[in-house]
Amino acid sequence: MYIRIRNLREDSDCTQAQMAKILNCSQQVYSNYELGQRDIPTDILIKLSEYYNVSTDYLLGLTDKKERNI
């Protein structure tokens with residue numbers, strides 16, 4: 001899961017600091033999410049899903065299908 005959020009961030013040309021601001025957390029906390037050193041809370045997972053327009057299942061590694069079902 002953690003590699004996916006890093007790849008999505010890098011593909012969108014965002015820095016960790018920019019994503020932290022979007023998610024209303026510190027850059028260090030966001031970095032810990034990407035490194036797998038901190039579990040990603042459900043509300044943050046949903047925000048990431050909405051921001052990148054991918055499914056939470058994709059973020060969690062349960063599927064390789066990115067599309068969100070709205």
# chains A, B, ... in the order shown; residues from 1 in each chain; ligands from 1
call {"tool": "residues_around", "arguments": {"residues": "segment 14-16 of chain A", "least_positions_apart": "5", "cutoff": "9 Å", "atoms": "only C-alpha atoms", "output": "list in words"}}
result
Arg6, Leu8, Arg9, Lys21, Gln27, Gln28, Tyr30 and Ser31 of chain A
call {"tool": "write_last_selection", "arguments": {"atoms": "N, CA, C and O atoms", "output": "compact mmCIF listing (two decimals), in the first residue's frame"}}
result
# COMPACT_ATOMS: atom_id res chain seq x y z
N ARG A 6 3.08 6.59 -2.48
CA ARG A 6 4.27 7.33 -2.91
C ARG A 6 4.28 7.50 -4.42
O ARG A 6 4.52 8.59 -4.94
N LEU A 8 1.74 7.43 -6.51
CA LEU A 8 0.68 8.36 -6.91
C LEU A 8 1.11 9.80 -6.65
O LEU A 8 0.88 10.69 -7.48
N ARG A 9 1.73 10.05 -5.52
CA ARG A 9 2.20 11.41 -5.20
C ARG A 9 3.25 11.86 -6.20
O ARG A 9 3.17 12.97 -6.74
N LYS A 21 -0.10 19.10 3.64
CA LYS A 21 -0.98 20.26 3.76
C LYS A 21 -2.40 19.92 3.30
O LYS A 21 -3.37 20.28 3.95
N GLN A 27 4.38 17.05 7.60
CA GLN A 27 5.16 16.35 6.57
C GLN A 27 5.73 15.07 7.15
O GLN A 27 5.79 14.05 6.49
N GLN A 28 6.15 15.11 8.42
CA GLN A 28 6.72 13.92 9.06
C GLN A 28 5.69 12.80 9.18
O GLN A 28 5.99 11.64 8.93
N TYR A 30 3.06 12.40 7.26
CA TYR A 30 2.82 11.89 5.90
C TYR A 30 3.97 10.98 5.46
O TYR A 30 3.74 9.92 4.87
N SER A 31 5.19 11.39 5.75
CA SER A 31 6.36 10.57 5.42
C SER A 31 6.25 9.20 6.08
O SER A 31 6.54 8.17 5.45
call {"tool": "select_by_dssp", "arguments": {"residues": "chain A", "states": "helix (DSSP H, G or I)", "output": "NGL selection string"}}
result
:A and (2-11 or 16-23 or 27-35 or 42-52 or 56-60)
call {"tool": "residues_around", "arguments": {"residues": "Gly36 of chain A", "least_positions_apart": "3", "cutoff": "12 Å", "atoms": "only C-alpha atoms", "output": "list in words"}}
result
Met1, Tyr2, Ile3, Arg4, Ile5, Arg6, Val29, Tyr30, Ser31, Asn32, Tyr33, Asp39, Ile40 and Leu60 of chain A
call {"tool": "atom_distance", "arguments": {"atom1": "atom CA of Tyr58 of chain A", "atom2": "atom CA of Leu23 of chain A"}}
result
18.6 Å
call {"tool": "atom_distance", "arguments": {"atom1": "atom CA of Asn7 of chain A", "atom2": "atom CA of Ser26 of chain A"}}
result
19.2 Å
call {"tool": "atom_distance", "arguments": {"atom1": "atom CA of Asp43 of chain A", "atom2": "atom CA of Asp11 of chain A"}}
result
22.2 Å
call {"tool": "closest_residue", "arguments": {"among": "A:Ala20, A:Lys66, A:Cys25, A:Gln37", "to": "Asn53 of chain A", "atoms": "only C-alpha atoms"}}
result
A:Lys66
call {"tool": "closest_residue", "arguments": {"among": "A:Met19, A:Leu62, A:Glu67, A:Ser12", "to": "Lys47 of chain A", "atoms": "only C-alpha atoms"}}
result
A:Met19
call {"tool": "residues_around", "arguments": {"residues": "Leu45 of chain A", "least_positions_apart": "3", "cutoff": "9 Å", "atoms": "only C-alpha atoms", "output": "PDB file with N, CA and C atoms, in the first residue's frame"}}
result
ATOM      1  N   ILE A  40      -2.322   4.234   8.217  1.00  0.00           N
ATOM      2  CA  ILE A  40      -3.070   5.342   7.628  1.00  0.00           C
ATOM      3  C   ILE A  40      -4.501   5.283   8.152  1.00  0.00           C
ATOM      4  N   PRO A  41      -4.946   6.335   8.848  1.00  0.00           N
ATOM      5  CA  PRO A  41      -6.323   6.344   9.356  1.00  0.00           C
ATOM      6  C   PRO A  41      -7.340   6.313   8.205  1.00  0.00           C
ATOM      7  N   THR A  42      -8.501   5.805   8.491  1.00  0.00           N
ATOM      8  CA  THR A  42      -9.539   5.664   7.471  1.00  0.00           C
ATOM      9  C   THR A  42      -9.866   6.997   6.805  1.00  0.00           C
ATOM     10  N   LEU A  48      -7.166  10.442   0.375  1.00  0.00           N
ATOM     11  CA  LEU A  48      -6.219  10.064  -0.675  1.00  0.00           C
ATOM     12  C   LEU A  48      -6.957   9.483  -1.873  1.00  0.00           C
ATOM     13  N   SER A  49      -7.931   8.641  -1.617  1.00  0.00           N
ATOM     14  CA  SER A  49      -8.732   8.035  -2.672  1.00  0.00           C
ATOM     15  C   SER A  49      -9.438   9.107  -3.497  1.00  0.00           C
ATOM     16  N   GLU A  50     -10.017  10.072  -2.826  1.00  0.00           N
ATOM     17  CA  GLU A  50     -10.719  11.156  -3.521  1.00  0.00           C
ATOM     18  C   GLU A  50      -9.743  12.050  -4.275  1.00  0.00           C
ATOM     19  N   THR A  56     -10.229   2.937  -2.747  1.00  0.00           N
ATOM     20  CA  THR A  56      -9.506   2.597  -1.525  1.00  0.00           C
ATOM     21  C   THR A  56      -8.939   1.184  -1.626  1.00  0.00           C
ATOM     22  N   LEU A  59      -5.615   1.518  -3.186  1.00  0.00           N
ATOM     23  CA  LEU A  59      -4.635   2.033  -2.228  1.00  0.00           C
ATOM     24  C   LEU A  59      -4.196   0.950  -1.245  1.00  0.00           C
ATOM     25  N   LEU A  60      -5.132   0.110  -0.854  1.00  0.00           N
ATOM     26  CA  LEU A  60      -4.841  -0.954   0.107  1.00  0.00           C
ATOM     27  C   LEU A  60      -4.168  -2.169  -0.528  1.00  0.00           C
TER      28      LEU A  60
END
